[in-house]
Amino acid sequence: SMSGDYYVQGTYQKNAEGAGEMTAGAEESGTMYYDHEFNLNATWSIDDNTSIITQFEMRDEVWGNNDTKEATIVGDSTSNMGNNIVVEKAYAWHKFANGHQLAVGLMPSGTWGTAFGDNGSEAYRVKYTIPTDAATIVGIIQKVSEKSTTDGIKATGATESDDADAYYLAFVTKAGNINVKPLFAYVNGGNSYDKLAGYLALDGTFGNISFESEFVISDVNYDAAATPDERLYGAYLKVANTSGPVTAGIVGAYGSYDDDSGKSFKFGDDFDGGGAKILGYDDTLGGAWLAGICANYAANDKLSIGGYAGVGKSIDESATKLDGAKLWELSGDASYKITDNLVYDVGAGVAQLKWGDSTEDPDKAYRLFHKLTVSF
């Protein structure tokens with residue numbers, strides 16, 4: 001079976017993305033560009049209980065750009081027009097007679113629970129899933145890095161202890177109306193570091209009230225005595241009320257700052273602050289608190305309109321311009337379903353960042369876009 005989508009998007013932005021995001025200086029004239037992307041999912045069914053599952057991302061590029069940003073190798077930043085096809089999934093799946101499931105190969109990683117703290121990508125994994133009456137249990141072994149060459153011979157000067165591996169144990173269960181999803185992770189970073197992390201995602205619905213939340217804590221111990229260890233944590237909560245065609249909610253997020261290491265908890269590349277069009281769109285927010293309100297109005301089966309307002313403040317204590325920095329955003333969007341498989345979106349946002357010291361503040365950031373998506 002096959003499924004997928006293709007989109008093309010036109011964007012105007014000013015001081016809102018890339019290396020110049022929210023930078024100070026002379027007024028920028030703004031830029032306009034088109035970009036597009038084609039995603040293809042293909043499942044090759046061997047029998048009812050065995051499949052090979054694949055996903056391809058193709059031509060993720062800005063129109064007219066002769067050096068596209070992605071390549072065919074996981075983590076490879078070098079690329080050109082000739083190899084802009086990314087294999088995001090390529091793994092075998094089997095369901096045993098007892099209901100247990102085994103998946104091996106290249107599959108999604110870096111995501112759990114909500115989008116908070118997530119940096120979704122792909123990784124080489126062995127995943128085993130056990131359904132029980134009380135909970136679904138998931139165990140994962142992940143190869144983070146391998147110091148061998150393509151023929152299995154270790155790179156010069158490297159040993160097996162230089163490899164990095166990750167181990168995950170997760171549970172998915174339900175307590176009344178609440179979905180409970182804890183995950184525990186251990187990463188052996190070769191001869192560089194060891195990391196322990198815990199995640200707890202909760203979501204549920206009580207009549208017209210819905211919520212989602214996530215709590216994360218991580219502890220990293222570095223082998224090098226000169227590198228300070230770090231302990232970071234983050235929290236996220238969104239509560240919404242639906243009344244007829246209107247859904248309105250509040251959102252809050254927090255990422256800690258570690259004085260000893262100078263590191264901060266990042267909200268994650270996949271987290272948009274609860275609906276923002278600029279904050280977190282290109283650069284990951286972190287070491288801050290963020291609060292916002294959001295609303296969506298479903299005018300009919302085809303048209304929906306949304307709005308977002310958010311404010312935040314850095315808790316960075318590094319005595320730099322981040323110490324005490326503040327930011328805000330106002331944005332809105334609309335989506336129109338032309339057909340069940342063709343959707344047109346428009347959106348716009350304005351944001352402002354104020355540094356915490358005497359550094360010149362950046363100009364306001366603006367972003368406007370429209371987007372056409374075809375799915376199948």
# chains A, B, ... in the order shown; residues from 1 in each chain; ligands from 1
>>> residues_around(residues="range 328-339 of chain A", least_positions_apart="4", cutoff="6 Å", atoms="only C-alpha atoms", output="list in words")
Lys302, Leu303, Ser304, Ile305, Gly306, Gly307, Tyr308, Ala309, Gly310, Val311, Val343, Tyr344, Asp345, Val346, Gly347, Ala348, Gly349, Val350, Ala351 and Gln352 of chain A
>>> write_last_selection(atoms="all heavy atoms", output="CSV table (one decimal), in the first residue's frame")
chain,number,residue,atom,x,y,z
A,302,LYS,N,-15.3,22.9,6.1
A,302,LYS,CA,-14.2,23.1,5.2
A,302,LYS,C,-13.2,24.2,5.8
A,302,LYS,O,-12.0,24.1,5.6
A,302,LYS,CB,-14.6,23.6,3.8
A,302,LYS,CG,-15.3,22.5,3.0
A,302,LYS,CD,-15.7,23.0,1.6
A,302,LYS,CE,-16.3,21.9,0.8
A,302,LYS,NZ,-15.2,20.9,0.4
A,303,LEU,N,-13.7,25.2,6.5
A,303,LEU,CA,-12.9,26.3,6.9
A,303,LEU,C,-12.7,26.4,8.4
A,303,LEU,O,-13.7,26.3,9.1
A,303,LEU,CB,-13.6,27.6,6.4
A,303,LEU,CG,-12.9,29.0,6.9
A,303,LEU,CD1,-11.6,29.1,6.2
A,303,LEU,CD2,-13.8,30.2,6.5
A,304,SER,N,-11.5,26.6,8.8
A,304,SER,CA,-11.1,26.8,10.2
A,304,SER,C,-10.2,27.9,10.3
A,304,SER,O,-9.3,28.2,9.4
A,304,SER,CB,-10.6,25.5,10.8
A,304,SER,OG,-9.3,25.2,10.2
A,305,ILE,N,-10.3,28.7,11.4
A,305,ILE,CA,-9.5,29.9,11.6
A,305,ILE,C,-8.9,29.8,13.0
A,305,ILE,O,-9.6,29.5,14.0
A,305,ILE,CB,-10.3,31.2,11.5
A,305,ILE,CG1,-11.0,31.3,10.1
A,305,ILE,CG2,-9.5,32.4,11.7
A,305,ILE,CD1,-12.0,32.3,10.0
A,306,GLY,N,-7.6,30.1,13.2
A,306,GLY,CA,-6.9,30.0,14.4
A,306,GLY,C,-6.1,31.3,14.8
A,306,GLY,O,-5.8,32.1,13.9
A,307,GLY,N,-5.9,31.5,16.1
A,307,GLY,CA,-5.1,32.6,16.5
A,307,GLY,C,-4.2,32.2,17.7
A,307,GLY,O,-4.5,31.2,18.4
A,308,TYR,N,-3.1,32.9,17.9
A,308,TYR,CA,-2.1,32.6,19.0
A,308,TYR,C,-1.5,33.9,19.5
A,308,TYR,O,-1.2,34.8,18.8
A,308,TYR,CB,-1.0,31.7,18.5
A,308,TYR,CG,0.1,31.4,19.4
A,308,TYR,CD1,0.0,30.4,20.3
A,308,TYR,CD2,1.2,32.2,19.4
A,308,TYR,CE1,1.0,30.1,21.2
A,308,TYR,CE2,2.3,31.9,20.3
A,308,TYR,CZ,2.2,30.9,21.2
A,308,TYR,OH,3.2,30.6,22.1
A,309,ALA,N,-1.3,34.0,20.8
A,309,ALA,CA,-0.6,35.0,21.5
A,309,ALA,C,0.3,34.4,22.6
A,309,ALA,O,-0.2,33.7,23.4
A,309,ALA,CB,-1.5,36.1,22.1
A,310,GLY,N,1.6,34.7,22.6
A,310,GLY,CA,2.5,34.1,23.5
A,310,GLY,C,3.5,35.1,24.0
A,310,GLY,O,3.9,36.0,23.3
A,311,VAL,N,4.0,34.9,25.3
A,311,VAL,CA,5.0,35.7,25.9
A,311,VAL,C,6.0,34.7,26.5
A,311,VAL,O,5.6,33.6,26.9
A,311,VAL,CB,4.5,36.7,26.9
A,311,VAL,CG1,3.6,37.8,26.2
A,311,VAL,CG2,3.8,36.0,28.0
A,343,VAL,N,-5.8,20.8,0.5
A,343,VAL,CA,-6.0,21.8,1.6
A,343,VAL,C,-5.2,23.0,1.3
A,343,VAL,O,-4.0,22.9,0.9
A,343,VAL,CB,-5.7,21.2,3.0
A,343,VAL,CG1,-5.8,22.2,4.0
A,343,VAL,CG2,-6.6,20.0,3.3
A,344,TYR,N,-5.8,24.2,1.5
A,344,TYR,CA,-5.0,25.5,1.3
A,344,TYR,C,-4.9,26.1,2.7
A,344,TYR,O,-5.9,26.3,3.4
A,344,TYR,CB,-5.8,26.4,0.3
A,344,TYR,CG,-5.1,27.7,0.1
A,344,TYR,CD1,-3.9,27.8,-0.5
A,344,TYR,CD2,-5.7,28.9,0.5
A,344,TYR,CE1,-3.3,29.0,-0.8
A,344,TYR,CE2,-5.2,30.1,0.3
A,344,TYR,CZ,-3.9,30.2,-0.3
A,344,TYR,OH,-3.3,31.4,-0.5
A,345,ASP,N,-3.7,26.5,3.1
A,345,ASP,CA,-3.5,27.2,4.4
A,345,ASP,C,-2.8,28.5,4.1
A,345,ASP,O,-2.0,28.7,3.2
A,345,ASP,CB,-2.5,26.3,5.2
A,345,ASP,CG,-3.1,25.0,5.6
A,345,ASP,OD1,-4.0,25.0,6.5
A,345,ASP,OD2,-2.6,24.0,5.1
A,346,VAL,N,-3.2,29.5,5.0
A,346,VAL,CA,-2.5,30.8,5.1
A,346,VAL,C,-2.2,31.1,6.5
A,346,VAL,O,-2.9,30.7,7.4
A,346,VAL,CB,-3.4,31.9,4.4
A,346,VAL,CG1,-3.6,31.7,3.0
A,346,VAL,CG2,-4.7,32.1,5.2
A,347,GLY,N,-1.1,31.9,6.7
A,347,GLY,CA,-0.8,32.2,8.1
A,347,GLY,C,0.1,33.5,8.1
A,347,GLY,O,0.8,33.8,7.1
A,348,ALA,N,0.2,34.1,9.3
A,348,ALA,CA,1.0,35.3,9.5
A,348,ALA,C,1.3,35.5,10.9
A,348,ALA,O,0.6,35.1,11.8
A,348,ALA,CB,0.3,36.6,9.0
A,349,GLY,N,2.5,36.0,11.2
A,349,GLY,CA,2.9,36.3,12.6
A,349,GLY,C,3.9,37.4,12.7
A,349,GLY,O,4.6,37.8,11.8
A,350,VAL,N,3.9,38.0,13.9
A,350,VAL,CA,4.9,39.1,14.2
A,350,VAL,C,5.4,38.8,15.6
A,350,VAL,O,4.6,38.4,16.5
A,350,VAL,CB,4.2,40.5,14.2
A,350,VAL,CG1,3.0,40.6,15.1
A,350,VAL,CG2,5.3,41.6,14.5
A,351,ALA,N,6.7,38.9,15.8
A,351,ALA,CA,7.3,38.6,17.1
A,351,ALA,C,8.4,39.6,17.4
A,351,ALA,O,9.0,40.3,16.5
A,351,ALA,CB,7.9,37.2,17.1
A,352,GLN,N,8.7,39.8,18.7
A,352,GLN,CA,9.7,40.7,19.1
A,352,GLN,C,10.6,40.1,20.2
A,352,GLN,O,10.0,39.4,21.1
A,352,GLN,CB,9.1,42.0,19.7
A,352,GLN,CG,10.1,43.0,20.3
A,352,GLN,CD,10.9,43.7,19.2
A,352,GLN,OE1,10.4,44.6,18.5
A,352,GLN,NE2,12.1,43.4,19.1
>>> select_by_dssp(residues="range 210-278 of chain A", states="strand (DSSP E)", output="NGL selection string")
:A and (210-222 or 230-243 or 246-255)
>>> write_last_selection(atoms="C-alpha atoms", output="PDB file, in the first residue's frame")
ATOM      1  CA  SER A 210      -8.967  18.298  27.027  1.00  0.00           C
ATOM      2  CA  PHE A 211      -5.351  18.489  28.074  1.00  0.00           C
ATOM      3  CA  GLU A 212      -1.886  17.294  27.188  1.00  0.00           C
ATOM      4  CA  SER A 213       1.298  17.531  29.205  1.00  0.00           C
ATOM      5  CA  GLU A 214       4.831  16.264  29.400  1.00  0.00           C
ATOM      6  CA  PHE A 215       7.562  16.257  32.038  1.00  0.00           C
ATOM      7  CA  VAL A 216      11.202  15.519  31.203  1.00  0.00           C
ATOM      8  CA  ILE A 217      14.342  15.189  33.308  1.00  0.00           C
ATOM      9  CA  SER A 218      17.822  14.285  32.074  1.00  0.00           C
ATOM     10  CA  ASP A 219      21.151  13.792  33.785  1.00  0.00           C
ATOM     11  CA  VAL A 220      24.396  13.678  31.780  1.00  0.00           C
ATOM     12  CA  ASN A 221      27.736  12.636  33.285  1.00  0.00           C
ATOM     13  CA  TYR A 222      30.785  13.373  31.137  1.00  0.00           C
ATOM     14  CA  GLU A 230      24.471  18.637  33.623  1.00  0.00           C
ATOM     15  CA  ARG A 231      21.009  18.053  35.030  1.00  0.00           C
ATOM     16  CA  LEU A 232      18.108  19.600  33.149  1.00  0.00           C
ATOM     17  CA  TYR A 233      14.341  19.349  33.261  1.00  0.00           C
ATOM     18  CA  GLY A 234      11.360  20.681  31.379  1.00  0.00           C
ATOM     19  CA  ALA A 235       7.587  20.786  31.716  1.00  0.00           C
ATOM     20  CA  TYR A 236       4.702  21.494  29.357  1.00  0.00           C
ATOM     21  CA  LEU A 237       0.927  21.777  29.782  1.00  0.00           C
ATOM     22  CA  LYS A 238      -1.899  22.702  27.427  1.00  0.00           C
ATOM     23  CA  VAL A 239      -5.539  22.826  28.508  1.00  0.00           C
ATOM     24  CA  ALA A 240      -8.361  23.520  26.044  1.00  0.00           C
ATOM     25  CA  ASN A 241     -12.118  23.873  26.177  1.00  0.00           C
ATOM     26  CA  THR A 242     -14.373  23.127  23.212  1.00  0.00           C
ATOM     27  CA  SER A 243     -17.741  24.849  22.991  1.00  0.00           C
ATOM     28  CA  VAL A 246     -14.780  27.160  19.132  1.00  0.00           C
ATOM     29  CA  THR A 247     -11.812  25.585  20.899  1.00  0.00           C
ATOM     30  CA  ALA A 248      -9.821  27.884  23.198  1.00  0.00           C
ATOM     31  CA  GLY A 249      -6.861  26.982  25.343  1.00  0.00           C
ATOM     32  CA  ILE A 250      -3.906  28.062  27.423  1.00  0.00           C
ATOM     33  CA  VAL A 251      -0.382  26.707  27.113  1.00  0.00           C
ATOM     34  CA  GLY A 252       2.688  26.860  29.315  1.00  0.00           C
ATOM     35  CA  ALA A 253       6.224  25.516  28.928  1.00  0.00           C
ATOM     36  CA  TYR A 254       9.351  25.661  31.075  1.00  0.00           C
ATOM     37  CA  GLY A 255      12.962  24.679  30.455  1.00  0.00           C
TER      38      GLY A 255
END
>>> closest_atom_pairs(of="range 154-216 of chain A", to="range 126-148 of chain A", cutoff="6 Å", atoms="only C-alpha atoms", output="CSV")
residue,atom,partner,partner_atom,distance
A:Lys154,CA,A:Ser148,CA,4.0
A:Ala155,CA,A:Ser148,CA,5.3
A:Asp163,CA,A:Glu146,CA,5.0
A:Ala164,CA,A:Ser145,CA,5.0
A:Asp165,CA,A:Lys143,CA,4.8
A:Ala166,CA,A:Gln142,CA,5.0
A:Tyr167,CA,A:Ile141,CA,4.8
A:Tyr168,CA,A:Ile140,CA,5.0
A:Leu169,CA,A:Gly139,CA,4.7
A:Ala170,CA,A:Val138,CA,5.0
A:Phe171,CA,A:Ile137,CA,4.7
A:Val172,CA,A:Thr136,CA,5.1
A:Thr173,CA,A:Ala135,CA,4.5
>>> residues_around(residues="Asp229 in chain A", least_positions_apart="6", cutoff="12 Å", atoms="only C-alpha atoms", output="MDAnalysis selection string")
chainID A and resid 192:196 218:223 258:263
>>> atom_distance(atom1="CA of Ser109 in chain A", atom2="CA of Leu279 in chain A")
23.5 Å
>>> atom_distance(atom1="CA of Asp323 in chain A", atom2="CA of Gly292 in chain A")
21.1 Å
